[in-house]
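K.L.:
See coords_28.txt below, with compact mmCIF, C-alpha atoms and all ligand atoms.
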# COMPACT_ATOMS: atom_id res chain seq x y z
CA MET A 293 -14.00 -3.68 9.98
CA ILE A 294 -11.45 -0.97 10.70
CA GLU A 295 -12.72 2.58 11.01
CA THR A 296 -11.08 5.75 12.20
CA LYS A 297 -12.83 9.08 12.72
CA GLN A 298 -10.75 12.25 12.71
CA LEU A 299 -7.89 10.28 14.20
CA ALA A 300 -5.08 12.58 15.28
CA LYS A 301 -1.72 12.13 16.99
CA LYS A 302 0.68 14.75 18.26
CA TYR A 303 4.23 14.07 19.39
CA GLY A 304 4.81 17.17 21.53
CA ASN A 305 3.82 20.00 19.22
CA PHE A 306 4.34 17.99 16.07
CA GLU A 307 1.14 16.79 14.38
CA ALA A 308 2.00 13.38 12.97
CA LEU A 309 -1.66 12.56 12.15
CA ARG A 310 -4.08 15.36 11.36
CA GLY A 311 -7.56 13.86 11.49
CA ILE A 312 -7.76 10.82 9.27
CA ASP A 313 -10.89 8.81 8.38
CA LEU A 314 -9.79 5.33 7.39
CA SER A 315 -12.34 2.80 6.30
CA VAL A 316 -11.36 -0.83 5.77
CA GLY A 317 -14.21 -3.24 5.00
CA GLU A 318 -14.47 -6.88 6.04
CA GLY A 319 -12.40 -9.02 3.68
CA ASP A 320 -10.54 -6.04 2.22
CA LEU A 321 -6.89 -6.17 1.32
CA TYR A 322 -6.21 -2.51 1.98
CA GLY A 323 -2.99 -0.80 0.94
CA PHE A 324 -1.89 2.08 3.13
CA ILE A 325 0.50 4.12 1.03
CA GLY A 326 2.63 7.07 1.95
CA PRO A 327 6.14 8.43 1.74
CA ASN A 328 8.62 8.21 4.62
CA GLY A 329 7.36 10.09 7.64
CA ALA A 330 3.74 10.32 6.42
CA GLY A 331 2.41 8.67 9.58
CA LYS A 332 1.81 5.05 8.53
CA THR A 333 3.55 3.45 11.49
CA THR A 334 1.91 5.93 13.87
CA THR A 335 -1.53 4.94 12.54
CA ILE A 336 -0.70 1.25 12.75
CA ARG A 337 0.58 1.56 16.31
CA ILE A 338 -2.69 3.23 17.31
CA LEU A 339 -4.73 0.50 15.59
CA THR A 340 -2.72 -2.18 17.36
CA THR A 341 -3.34 -0.41 20.72
CA LEU A 342 0.38 0.28 21.29
CA LEU A 343 -0.07 4.04 21.11
CA GLU A 344 -2.84 6.31 22.38
CA PRO A 345 -4.40 8.73 19.91
CA SER A 346 -4.37 12.44 20.88
CA SER A 347 -7.94 12.81 19.60
CA GLY A 348 -10.45 11.06 17.38
CA GLU A 349 -11.63 7.47 17.34
CA ALA A 350 -10.41 4.15 16.01
CA THR A 351 -12.43 0.94 16.07
CA ILE A 352 -11.76 -2.60 14.90
CA GLY A 353 -14.71 -4.95 14.58
CA GLY A 354 -16.77 -2.27 16.32
CA MET A 355 -14.49 -2.20 19.38
CA SER A 356 -12.71 0.96 20.40
CA VAL A 357 -8.92 0.96 20.68
CA ARG A 358 -9.21 3.19 23.75
CA ALA A 359 -11.96 1.28 25.59
CA GLU A 360 -11.28 -2.34 24.62
CA PRO A 361 -7.59 -2.80 23.81
CA GLU A 362 -7.45 -6.35 25.21
CA ALA A 363 -10.35 -7.58 23.07
CA ILE A 364 -8.82 -5.95 20.00
CA ARG A 365 -5.48 -7.66 20.55
CA GLY A 366 -7.31 -10.98 20.50
CA ILE A 367 -8.64 -10.52 16.96
CA ILE A 368 -5.65 -8.86 15.28
CA GLY A 369 -2.33 -10.18 14.07
CA TYR A 370 0.36 -7.50 13.94
CA MET A 371 3.63 -7.56 12.06
CA PRO A 372 5.83 -4.64 13.09
CA ASP A 373 8.28 -2.91 10.76
CA SER A 374 11.28 -4.48 12.50
CA PHE A 375 11.74 -8.08 13.48
CA GLY A 376 12.75 -7.88 17.13
CA VAL A 377 15.14 -9.95 19.15
CA TYR A 378 14.66 -13.67 18.73
CA ARG A 379 17.55 -14.24 16.39
CA ASP A 380 19.13 -17.26 18.03
CA MET A 381 15.90 -19.28 18.12
CA THR A 382 15.16 -21.82 15.41
CA VAL A 383 12.15 -21.36 13.18
CA LEU A 384 10.30 -24.16 15.00
CA GLU A 385 11.14 -22.84 18.47
CA TYR A 386 10.00 -19.40 17.44
CA LEU A 387 6.57 -20.45 16.21
CA HIS A 388 6.04 -22.79 19.18
CA PHE A 389 7.00 -19.94 21.49
CA PHE A 390 4.32 -17.66 20.04
CA ALA A 391 1.73 -20.43 19.90
CA ALA A 392 2.33 -20.93 23.64
CA ALA A 393 2.26 -17.18 24.27
CA TYR A 394 -1.15 -17.01 22.60
CA ALA A 395 -2.35 -19.98 24.68
CA VAL A 396 -2.83 -22.35 21.77
CA PRO A 397 -3.43 -25.74 23.50
CA GLN A 398 -0.27 -27.88 23.54
CA GLY A 399 -1.88 -30.76 21.63
CA GLU A 400 -2.72 -28.47 18.69
CA ARG A 401 0.59 -26.63 18.37
CA GLN A 402 2.40 -29.26 16.30
CA ARG A 403 -0.29 -29.30 13.61
CA LEU A 404 -0.73 -25.52 13.63
CA VAL A 405 2.99 -24.84 13.29
CA GLY A 406 3.18 -27.38 10.45
CA GLN A 407 0.34 -25.63 8.62
CA LEU A 408 1.88 -22.21 9.06
CA LEU A 409 5.28 -23.40 7.81
CA GLU A 410 3.60 -24.85 4.76
CA LEU A 411 1.70 -21.60 4.10
CA VAL A 412 4.88 -19.51 4.14
CA GLU A 413 6.99 -22.26 2.56
CA LEU A 414 9.54 -22.55 5.32
CA GLY A 415 9.14 -26.26 6.03
CA GLY A 416 12.67 -26.93 4.85
CA LYS A 417 14.06 -24.38 7.31
CA SER A 418 12.40 -25.65 10.50
CA ASN A 419 15.66 -26.19 12.34
CA ALA A 420 17.56 -23.18 10.99
CA THR A 421 18.18 -20.34 13.44
CA ILE A 422 16.48 -17.09 12.52
CA ASP A 423 19.70 -15.14 12.02
CA THR A 424 20.71 -17.55 9.23
CA LEU A 425 17.52 -16.86 7.23
CA SER A 426 17.45 -14.42 4.33
CA ARG A 427 15.45 -11.24 4.83
CA GLY A 428 12.66 -12.60 2.66
CA MET A 429 12.45 -15.76 4.77
CA GLN A 430 12.45 -13.72 7.96
CA GLN A 431 9.54 -11.63 6.67
CA ARG A 432 7.65 -14.80 5.81
CA LEU A 433 8.34 -16.18 9.27
CA GLY A 434 7.12 -12.88 10.74
CA LEU A 435 3.89 -13.32 8.80
CA ALA A 436 3.48 -16.90 10.06
CA ARG A 437 3.92 -15.60 13.60
CA THR A 438 1.08 -13.08 13.20
CA LEU A 439 -1.23 -15.99 12.32
CA VAL A 440 -0.76 -18.32 15.31
CA HIS A 441 -3.97 -17.24 17.06
CA ASP A 442 -5.95 -17.29 13.80
CA PRO A 443 -6.78 -13.56 13.90
CA ARG A 444 -9.54 -12.14 11.69
CA VAL A 445 -7.61 -8.96 11.01
CA LEU A 446 -3.97 -8.62 9.94
CA ILE A 447 -2.11 -5.35 10.36
CA LEU A 448 1.22 -5.42 8.58
CA ASP A 449 3.76 -2.60 8.63
CA GLU A 450 5.82 -2.73 5.43
CA PRO A 451 5.91 -6.51 5.08
CA ALA A 452 7.76 -6.21 1.76
CA SER A 453 10.40 -3.68 2.75
CA GLY A 454 13.96 -4.57 1.86
CA LEU A 455 12.96 -7.58 -0.22
CA ASP A 456 14.13 -8.40 -3.72
CA PRO A 457 11.51 -8.64 -6.49
CA ARG A 458 11.14 -12.39 -6.18
CA ALA A 459 10.68 -12.30 -2.40
CA ARG A 460 8.14 -9.48 -2.83
CA ILE A 461 6.13 -11.63 -5.21
CA GLU A 462 6.20 -14.49 -2.69
CA ILE A 463 4.81 -12.21 0.04
CA ARG A 464 2.14 -10.98 -2.37
CA GLU A 465 1.07 -14.56 -3.11
CA ILE A 466 0.80 -15.32 0.61
CA LEU A 467 -1.29 -12.19 1.17
CA LYS A 468 -3.64 -13.14 -1.65
CA GLU A 469 -4.00 -16.60 -0.12
CA LEU A 470 -4.77 -15.07 3.30
CA ARG A 471 -7.43 -12.90 1.72
CA ARG A 472 -8.99 -15.97 0.13
CA MET A 473 -9.05 -17.45 3.64
CA GLY A 474 -11.28 -14.53 4.61
CA LYS A 475 -8.85 -12.34 6.54
CA THR A 476 -9.18 -8.57 6.54
CA ILE A 477 -5.72 -7.16 5.85
CA ILE A 478 -4.22 -3.68 6.02
CA LEU A 479 -0.62 -3.32 4.95
CA SER A 480 1.57 -0.28 4.61
CA SER A 481 4.11 0.34 1.92
CA HIS A 482 5.67 3.12 -0.07
CA ILE A 483 6.02 0.84 -3.09
CA LEU A 484 2.91 1.58 -5.09
CA ALA A 485 3.34 -1.03 -7.77
CA ASP A 486 3.37 -3.74 -5.10
CA LEU A 487 -0.06 -2.74 -3.89
CA ALA A 488 -1.76 -2.03 -7.20
CA GLU A 489 -1.81 -5.68 -8.15
CA ILE A 490 -3.13 -7.22 -4.94
CA CYS A 491 -5.10 -4.59 -3.00
CA ASN A 492 -8.79 -4.01 -3.67
CA ARG A 493 -8.68 -0.67 -1.84
CA ILE A 494 -5.97 1.83 -1.01
CA GLY A 495 -5.53 4.95 1.07
CA ILE A 496 -2.84 7.52 0.39
CA LEU A 497 -1.37 9.28 3.39
CA GLU A 498 0.67 12.44 3.03
CA ARG A 499 2.05 14.37 6.01
CA GLY A 500 -0.55 13.04 8.38
CA GLN A 501 -3.51 13.53 6.05
CA LEU A 502 -5.42 10.99 3.99
CA VAL A 503 -5.40 12.58 0.52
CA ALA A 504 -7.29 9.77 -1.23
CA GLN A 505 -9.09 6.54 -0.41
CA GLY A 506 -11.02 3.98 -2.44
CA THR A 507 -10.52 1.36 -5.11
CA ILE A 508 -7.50 1.94 -7.34
CA ASP A 509 -9.83 3.12 -10.12
CA GLU A 510 -11.63 5.50 -7.79
CA VAL A 511 -8.37 6.95 -6.55
CA ILE A 512 -7.10 7.39 -10.11
CA THR A 513 -10.35 9.09 -11.19
CA SER A 514 -10.56 11.35 -8.16
CA SER A 515 -6.98 12.50 -8.68
CA GLY A 516 -7.96 14.07 -12.02
CA GLU A 517 -4.78 12.64 -13.58
CA LYS A 518 -5.55 11.98 -17.26
CA GLY A 519 -2.71 9.76 -18.30
CA GLU A 520 -1.05 10.01 -21.62
CA ILE A 521 -1.67 9.52 -25.34
CA ARG A 522 1.14 8.21 -27.55
CA ILE A 523 1.00 9.24 -31.19
CA ARG A 524 3.01 8.56 -34.35
CA THR A 525 2.30 10.66 -37.45
CA THR A 526 3.55 11.41 -40.93
CA ASP A 527 5.15 14.61 -39.59
CA ASP A 528 5.81 14.52 -35.85
CA ALA A 529 7.44 17.95 -35.57
CA ARG A 530 4.44 19.66 -37.15
CA ALA A 531 2.00 17.47 -35.24
CA CYS A 532 3.48 18.70 -31.93
CA VAL A 533 2.86 22.31 -32.95
CA LEU A 534 -0.70 21.53 -34.04
CA LEU A 535 -1.49 19.55 -30.90
CA ARG A 536 -0.39 22.41 -28.66
CA GLU A 537 -3.07 24.59 -30.30
CA LEU A 538 -5.74 22.47 -28.63
CA SER A 539 -6.91 23.76 -25.27
CA ALA A 540 -7.37 20.19 -24.02
CA VAL A 541 -3.68 19.49 -24.51
CA LYS A 542 -1.37 20.31 -21.64
CA THR A 543 1.90 19.18 -23.24
CA ALA A 544 2.95 17.51 -26.49
CA GLU A 545 6.52 16.37 -26.81
CA HIS A 546 8.36 14.39 -29.41
CA HIS A 547 10.52 11.56 -28.09
CA GLU A 548 13.33 10.97 -30.58
CA ALA A 549 14.37 7.62 -29.18
CA VAL A 550 11.01 5.93 -29.69
CA GLN A 551 9.82 8.18 -32.54
CA GLU A 552 6.61 8.98 -30.70
CA ILE A 553 4.78 12.04 -29.47
CA SER A 554 3.72 11.97 -25.86
CA VAL A 555 0.57 14.01 -25.20
CA HIS A 556 -0.62 14.91 -21.72
CA LEU A 557 -4.17 16.18 -21.49
CA ALA A 558 -5.45 19.04 -19.38
CA THR A 559 -9.07 17.98 -19.95
CA GLU A 560 -10.69 14.99 -21.65
CA ILE A 561 -10.90 15.10 -25.44
CA ASP A 562 -12.48 12.76 -27.96
CA LEU A 563 -9.65 10.97 -29.74
CA ALA A 564 -11.52 11.38 -33.05
CA ASP A 565 -11.46 15.18 -32.58
CA LEU A 566 -7.78 15.04 -31.88
CA SER A 567 -7.00 13.05 -35.04
CA GLY A 568 -9.41 15.24 -37.05
CA HIS A 569 -7.52 18.35 -35.98
CA LEU A 570 -4.29 16.85 -37.35
CA SER A 571 -5.66 15.39 -40.58
CA GLY A 572 -7.42 18.69 -41.36
CA ARG A 573 -3.91 20.19 -41.60
CA GLY A 574 -2.45 17.37 -43.66
CA VAL A 575 -0.76 15.42 -40.85
CA HIS A 576 -1.85 11.81 -40.72
CA LEU A 577 -1.83 9.40 -37.84
CA ARG A 578 0.14 6.20 -38.05
CA LYS A 579 -0.63 5.08 -34.53
CA MET A 580 -2.50 6.37 -31.51
CA GLU A 581 -2.52 4.65 -28.15
CA ARG A 582 -3.97 5.72 -24.83
CA ARG A 583 -1.97 4.94 -21.71
CA GLU A 584 -3.88 4.94 -18.46
CA PRO A 585 -2.26 6.93 -15.68
CA THR A 586 0.00 4.84 -13.50
CA LEU A 587 -0.42 4.80 -9.76
CA GLU A 588 2.97 6.45 -9.63
CA GLN A 589 1.67 9.49 -11.57
CA VAL A 590 -1.48 9.61 -9.47
CA PHE A 591 0.56 9.47 -6.30
CA MET A 592 2.78 12.34 -7.48
CA LYS A 593 -0.25 14.41 -8.38
CA LEU A 594 -2.10 13.79 -5.11
CA THR A 595 0.90 14.45 -2.91
CA GLU A 596 1.74 17.58 -4.93
CA VAL A 597 -1.75 18.97 -4.24
CA ALA A 598 -1.37 18.12 -0.56
CA GLU A 599 1.90 20.01 -0.44
CA GLN A 600 0.37 23.12 -1.98
CA THR A 601 -2.48 23.17 0.49
CA ALA A 602 -0.39 22.23 3.55
N1 LIG A 701 8.02 8.77 19.13
C1 LIG A 701 8.06 9.82 18.31
N2 LIG A 701 8.38 11.05 18.80
C2 LIG A 701 8.39 12.13 17.97
N3 LIG A 701 8.12 12.10 16.66
C3 LIG A 701 7.80 10.91 16.12
C4 LIG A 701 7.76 9.71 16.92
N4 LIG A 701 7.42 8.69 16.12
C5 LIG A 701 7.25 9.21 14.88
N5 LIG A 701 7.48 10.54 14.88
C6 LIG A 701 7.36 11.45 13.72
O1 LIG A 701 6.06 11.34 13.19
C7 LIG A 701 6.08 11.35 11.77
C8 LIG A 701 5.41 10.08 11.25
O2 LIG A 701 6.22 8.98 11.55
P1 LIG A 701 5.82 7.49 11.15
O3 LIG A 701 6.86 6.58 11.69
O4 LIG A 701 4.41 7.25 11.56
O5 LIG A 701 5.89 7.56 9.57
P2 LIG A 701 5.88 6.40 8.47
O6 LIG A 701 4.84 6.81 7.47
O7 LIG A 701 5.73 5.07 9.12
O8 LIG A 701 7.30 6.54 7.81
P3 LIG A 701 8.30 5.41 7.21
O9 LIG A 701 7.85 5.18 5.78
O10 LIG A 701 9.62 6.08 7.23
O11 LIG A 701 8.21 4.19 8.06
C9 LIG A 701 7.54 11.49 11.37
O12 LIG A 701 7.79 12.84 11.09
C10 LIG A 701 8.29 11.04 12.60
O13 LIG A 701 9.52 11.71 12.69
MG MG A 702 6.87 3.36 9.18
For this file, write the structure as structure tokens.
Ligand SMILES: Nc1ncnc2c1ncn2[C@@H]1O[C@H](COP(=O)(O)OP(=O)(O)OP(=O)(O)O)[C@@H](O)[C@H]1O
Ligand SMILES: [Mg+2]
P.N.:
Amino acid sequence: MIETKQLAKKYGNFEALRGIDLSVGEGDLYGFIGPNGAGKTTTIRILTTLLEPSSGEATIGGMSVRAEPEAIRGIIGYMPDSFGVYRDMTVLEYLHFFAAAYAVPQGERQRLVGQLLELVELGGKSNATIDTLSRGMQQRLGLARTLVHDPRVLILDEPASGLDPRARIEIREILKELRRMGKTIILSSHILADLAEICNRIGILERGQLVAQGTIDEVITSSGEKGEIRIRTTDDARACVLLRELSAVKTAEHHEAVQEISVHLATEIDLADLSGHLSGRGVHLRKMERREPTLEQVFMKLTEVAEQTA
């Protein structure tokens, strides 16, 4: 549904995007992750036809952002990273204003606005002015606004930024609901944990380059990050020494506080071989548990590689 081919953007001599190939399928909830300055907003502004690419292609629903910007604007809903200037309007006035701006027929606006307020749970705030809403409520109102023309594609720039954990969960629930309604959604964030739970696919952007893209599992596998094994034994100090003899083991450290050894692997190893190596030397396992790599670790690894090759 959203495709880019070698999409690049220069600001003067500075290369903000260096040839990225995004691929967002119909019905995807796609998380676009990257640290500050990676180029997320630049990409999103190109997709929403607000900014011209320097080279490369971007299409939405098969239409080119360069050739058919008007048609694209008709099928996308865009939530920018800042709210804009409508602070003295009430919630109702605001949504009616955008419904009118998108030429929703007058007779349908009342019902539409009611539905949207219900979706984002702001019915009780209809007559409140926007500047009296909490940040979480404002973000929810911003989401409602992107939906007035019933777009097929939603492009959201950091919809959860600056929100407390509860408000973040509320936004996540709304996004899941929108996906169930069949929308294709791309949202940017630098909060990985937020995206892991709801997105079916992610792309990781680092200094203008897409360093990974796919399902969360695919991204974790392709990163080569092996995660961690936690071990308790009859003699942890000795076990650490023995574990470090194994070529598959990158590090083995004893954590006093939890009385556990944390093992990071350089290459995969059969856990039975690992325990056999210890028991052959008289150290016995009390507990062994594998911890899958977190997205956080994967992200660090991928962006570290990108830095070395930059
Ligand atoms: N109009 C501009 N003129 C010059 N440089 C710009 C302009 N807009 C963005 N940049 C630069 O391009 C790079 C990418 O910026 P962008 O806003 O796309 O990043 P981002 O991933 O959205 O970051 P953040 O997480 O902070 O929102 C940054 O180094 C930024 O300074
Ligand atoms: Mg940004």
K.L.:
Let me make sure I understand: among A:Phe306, A:Phe389, A:Tyr322, A:Phe591, which one has the smallest atom-to-atom distance to ligand LIG 701 (chain A) if we use all atoms listed in the file?
P.N.:
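The closest residue to ligand LIG 701 (chain A) is A:Phe306.
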K.L.:
From the set A:Leu535, A:Ile477, A:Ala504, A:Ile490, which residue has the shortest atom-to-atom contact distance to Ser571 (chain A), counting all atoms listed in the file?
P.N.:
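Answer, going by the shortest atom-to-atom distance: A:Leu535.
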K.L.:
Rounded to one decimal, what separation in Å do you get between CA of Gly311 (chain A) and atom O5 of ligand LIG 701 (chain A)?
P.N.:
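Those two atoms sit 15.0 Å apart.
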K.L.:
Grab me every residue within 12 Å of ligand LIG 701 (chain A), counting only C-alpha atoms and all ligand atoms, and send it over as a ChimeraX atom specification.
P.N.:
/A:300-310,324-338,342-344,372-374,448-451,453,479-483,496-502
K.L.:
Work out how far apart CA of Glu410 (chain A) and CA of His388 (chain A) are and give it in Å to one decimal.
P.N.:
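Straight-line distance from CA of Glu410 (chain A) to CA of His388 (chain A) works out to 14.8 Å.
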K.L.:
Taking all atoms listed in the file into account, which of A:Glu584, A:Met293, A:Leu409, A:Glu385 comes nearest Asp320 (chain A)?
P.N.:
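Answer, going by the shortest atom-to-atom distance: A:Met293.
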K.L.:
Quick one: residues within 8 Å of region 548-561 of chain A, only C-alpha atoms, excluding same-chain residues fewer than 6 positions away - as a VMD selection string?
P.N.:
chain A and resid 518 to 524 528 532 539 to 542
K.L.:
With a distance cut-off of 10 Å and all atoms listed in the file, select the neighbouring residues of Met381 (chain A), excluding the residue or stretch itself and same-chain residues fewer than 3 positions from it, and output the selection as a PyMOL selection string.
P.N.:
chain A and resi 377-378+384-387+389+419-423
K.L.:
Given only C-alpha atoms as the basis, pick out the residue of A:Glu517, A:Glu469, A:Glu318, A:Asp456 nearest to Thr586 (chain A).
P.N.:
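Among the listed residues, the smallest separation from Thr586 (chain A) belongs to A:Glu517.
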K.L.:
Residues near Gln407 (chain A), anyone? I mean within 12 Å using only C-alpha atoms, not counting same-chain ones fewer than 3 positions away, as an mmCIF file with C-alpha atoms, keeping the file's coordinate frame.
P.N.:
data_model
loop_
_atom_site.group_PDB
_atom_site.id
_atom_site.type_symbol
_atom_site.label_atom_id
_atom_site.label_comp_id
_atom_site.auth_asym_id
_atom_site.auth_seq_id
_atom_site.Cartn_x
_atom_site.Cartn_y
_atom_site.Cartn_z
ATOM 1 C CA LEU A 384 10.300 -24.160 15.000
ATOM 2 C CA LEU A 387 6.570 -20.450 16.210
ATOM 3 C CA GLU A 400 -2.720 -28.470 18.690
ATOM 4 C CA ARG A 401 0.590 -26.630 18.370
ATOM 5 C CA GLN A 402 2.400 -29.260 16.300
ATOM 6 C CA ARG A 403 -0.290 -29.300 13.610
ATOM 7 C CA LEU A 404 -0.730 -25.520 13.630
ATOM 8 C CA GLU A 410 3.600 -24.850 4.760
ATOM 9 C CA LEU A 411 1.700 -21.600 4.100
ATOM 10 C CA VAL A 412 4.880 -19.510 4.140
ATOM 11 C CA GLU A 413 6.990 -22.260 2.560
ATOM 12 C CA LEU A 414 9.540 -22.550 5.320
ATOM 13 C CA GLY A 415 9.140 -26.260 6.030
ATOM 14 C CA ALA A 436 3.480 -16.900 10.060
ATOM 15 C CA ARG A 437 3.920 -15.600 13.600
ATOM 16 C CA LEU A 439 -1.230 -15.990 12.320
ATOM 17 C CA VAL A 440 -0.760 -18.320 15.310
ATOM 18 C CA ASP A 442 -5.950 -17.290 13.800
#
K.L.:
Report, in Å to a single decimal, how far apart CA of Ile463 (chain A) and CA of Ile494 (chain A) are.
P.N.:
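Interatomic distance here is 17.7 Å.
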K.L.:
Give the answer as one residue: which of A:Ala531, A:Ile312, A:Ala395, A:Ile461 has the shortest atom-to-atom distance to Arg578 (chain A), using only C-alpha atoms?
P.N.:
A:Ala531
K.L.:
Would you place a box with edges along x, y and z of the file around all atoms of region 301-317 of chain A listed there, add 3 Å to each of its six sides, and report the centre and edge lengths in Å to one decimal, as JSON?
P.N.:
{"center_x": -4.7, "center_y": 8.4, "center_z": 13.3, "size_x": 25.0, "size_y": 29.2, "size_z": 22.5}
K.L.:
Taking all atoms listed in the file into account, which of A:Ile294, A:Ala393, A:Leu484, A:Ile478 comes nearest Gln589 (chain A)?
P.N.:
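For Gln589 (chain A), the nearest of the given residues is A:Leu484.
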K.L.:
Please, can region 515-532 of chain A be completed to N, CA and C atoms and returned as an mmCIF file, in the frame of the given file?
P.N.:
data_model
loop_
_atom_site.group_PDB
_atom_site.id
_atom_site.type_symbol
_atom_site.label_atom_id
_atom_site.label_comp_id
_atom_site.auth_asym_id
_atom_site.auth_seq_id
_atom_site.Cartn_x
_atom_site.Cartn_y
_atom_site.Cartn_z
ATOM 1 N N SER A 515 -8.197 11.681 -8.620
ATOM 2 C CA SER A 515 -6.980 12.500 -8.680
ATOM 3 C C SER A 515 -7.028 13.474 -9.852
ATOM 4 N N GLY A 516 -7.883 13.197 -10.854
ATOM 5 C CA GLY A 516 -7.960 14.070 -12.020
ATOM 6 C C GLY A 516 -6.800 13.861 -12.987
ATOM 7 N N GLU A 517 -5.905 12.921 -12.680
ATOM 8 C CA GLU A 517 -4.780 12.640 -13.580
ATOM 9 C C GLU A 517 -5.317 11.952 -14.831
ATOM 10 N N LYS A 518 -4.934 12.462 -16.032
ATOM 11 C CA LYS A 518 -5.550 11.980 -17.260
ATOM 12 C C LYS A 518 -4.731 10.935 -18.005
ATOM 13 N N GLY A 519 -3.528 10.698 -17.553
ATOM 14 C CA GLY A 519 -2.710 9.760 -18.300
ATOM 15 C C GLY A 519 -2.144 10.382 -19.552
ATOM 16 N N GLU A 520 -1.870 9.562 -20.515
ATOM 17 C CA GLU A 520 -1.050 10.010 -21.620
ATOM 18 C C GLU A 520 -1.561 9.382 -22.912
ATOM 19 N N ILE A 521 -1.386 10.111 -24.030
ATOM 20 C CA ILE A 521 -1.670 9.520 -25.340
ATOM 21 C C ILE A 521 -0.364 9.484 -26.121
ATOM 22 N N ARG A 522 -0.075 8.349 -26.733
ATOM 23 C CA ARG A 522 1.140 8.210 -27.550
ATOM 24 C C ARG A 522 0.743 8.210 -29.019
ATOM 25 N N ILE A 523 1.397 9.055 -29.792
ATOM 26 C CA ILE A 523 1.000 9.240 -31.190
ATOM 27 C C ILE A 523 2.225 9.139 -32.108
ATOM 28 N N ARG A 524 2.033 8.483 -33.265
ATOM 29 C CA ARG A 524 3.010 8.560 -34.350
ATOM 30 C C ARG A 524 2.300 9.114 -35.573
ATOM 31 N N THR A 525 2.954 10.018 -36.294
ATOM 32 C CA THR A 525 2.300 10.660 -37.450
ATOM 33 C C THR A 525 3.242 10.702 -38.640
ATOM 34 N N THR A 526 2.720 11.232 -39.738
ATOM 35 C CA THR A 526 3.550 11.410 -40.930
ATOM 36 C C THR A 526 4.513 12.583 -40.779
ATOM 37 N N ASP A 527 4.259 13.470 -39.811
ATOM 38 C CA ASP A 527 5.150 14.610 -39.590
ATOM 39 C C ASP A 527 5.088 15.013 -38.107
ATOM 40 N N ASP A 528 5.923 14.370 -37.309
ATOM 41 C CA ASP A 528 5.810 14.520 -35.850
ATOM 42 C C ASP A 528 6.123 15.948 -35.374
ATOM 43 N N ALA A 529 7.076 16.599 -36.010
ATOM 44 C CA ALA A 529 7.440 17.950 -35.570
ATOM 45 C C ALA A 529 6.242 18.890 -35.734
ATOM 46 N N ARG A 530 5.589 18.796 -36.882
ATOM 47 C CA ARG A 530 4.440 19.660 -37.150
ATOM 48 C C ARG A 530 3.262 19.263 -36.253
ATOM 49 N N ALA A 531 3.109 17.959 -36.073
ATOM 50 C CA ALA A 531 2.000 17.470 -35.240
ATOM 51 C C ALA A 531 2.097 18.054 -33.827
ATOM 52 N N CYS A 532 3.304 18.138 -33.278
ATOM 53 C CA CYS A 532 3.480 18.700 -31.930
ATOM 54 C C CYS A 532 2.949 20.126 -31.880
#
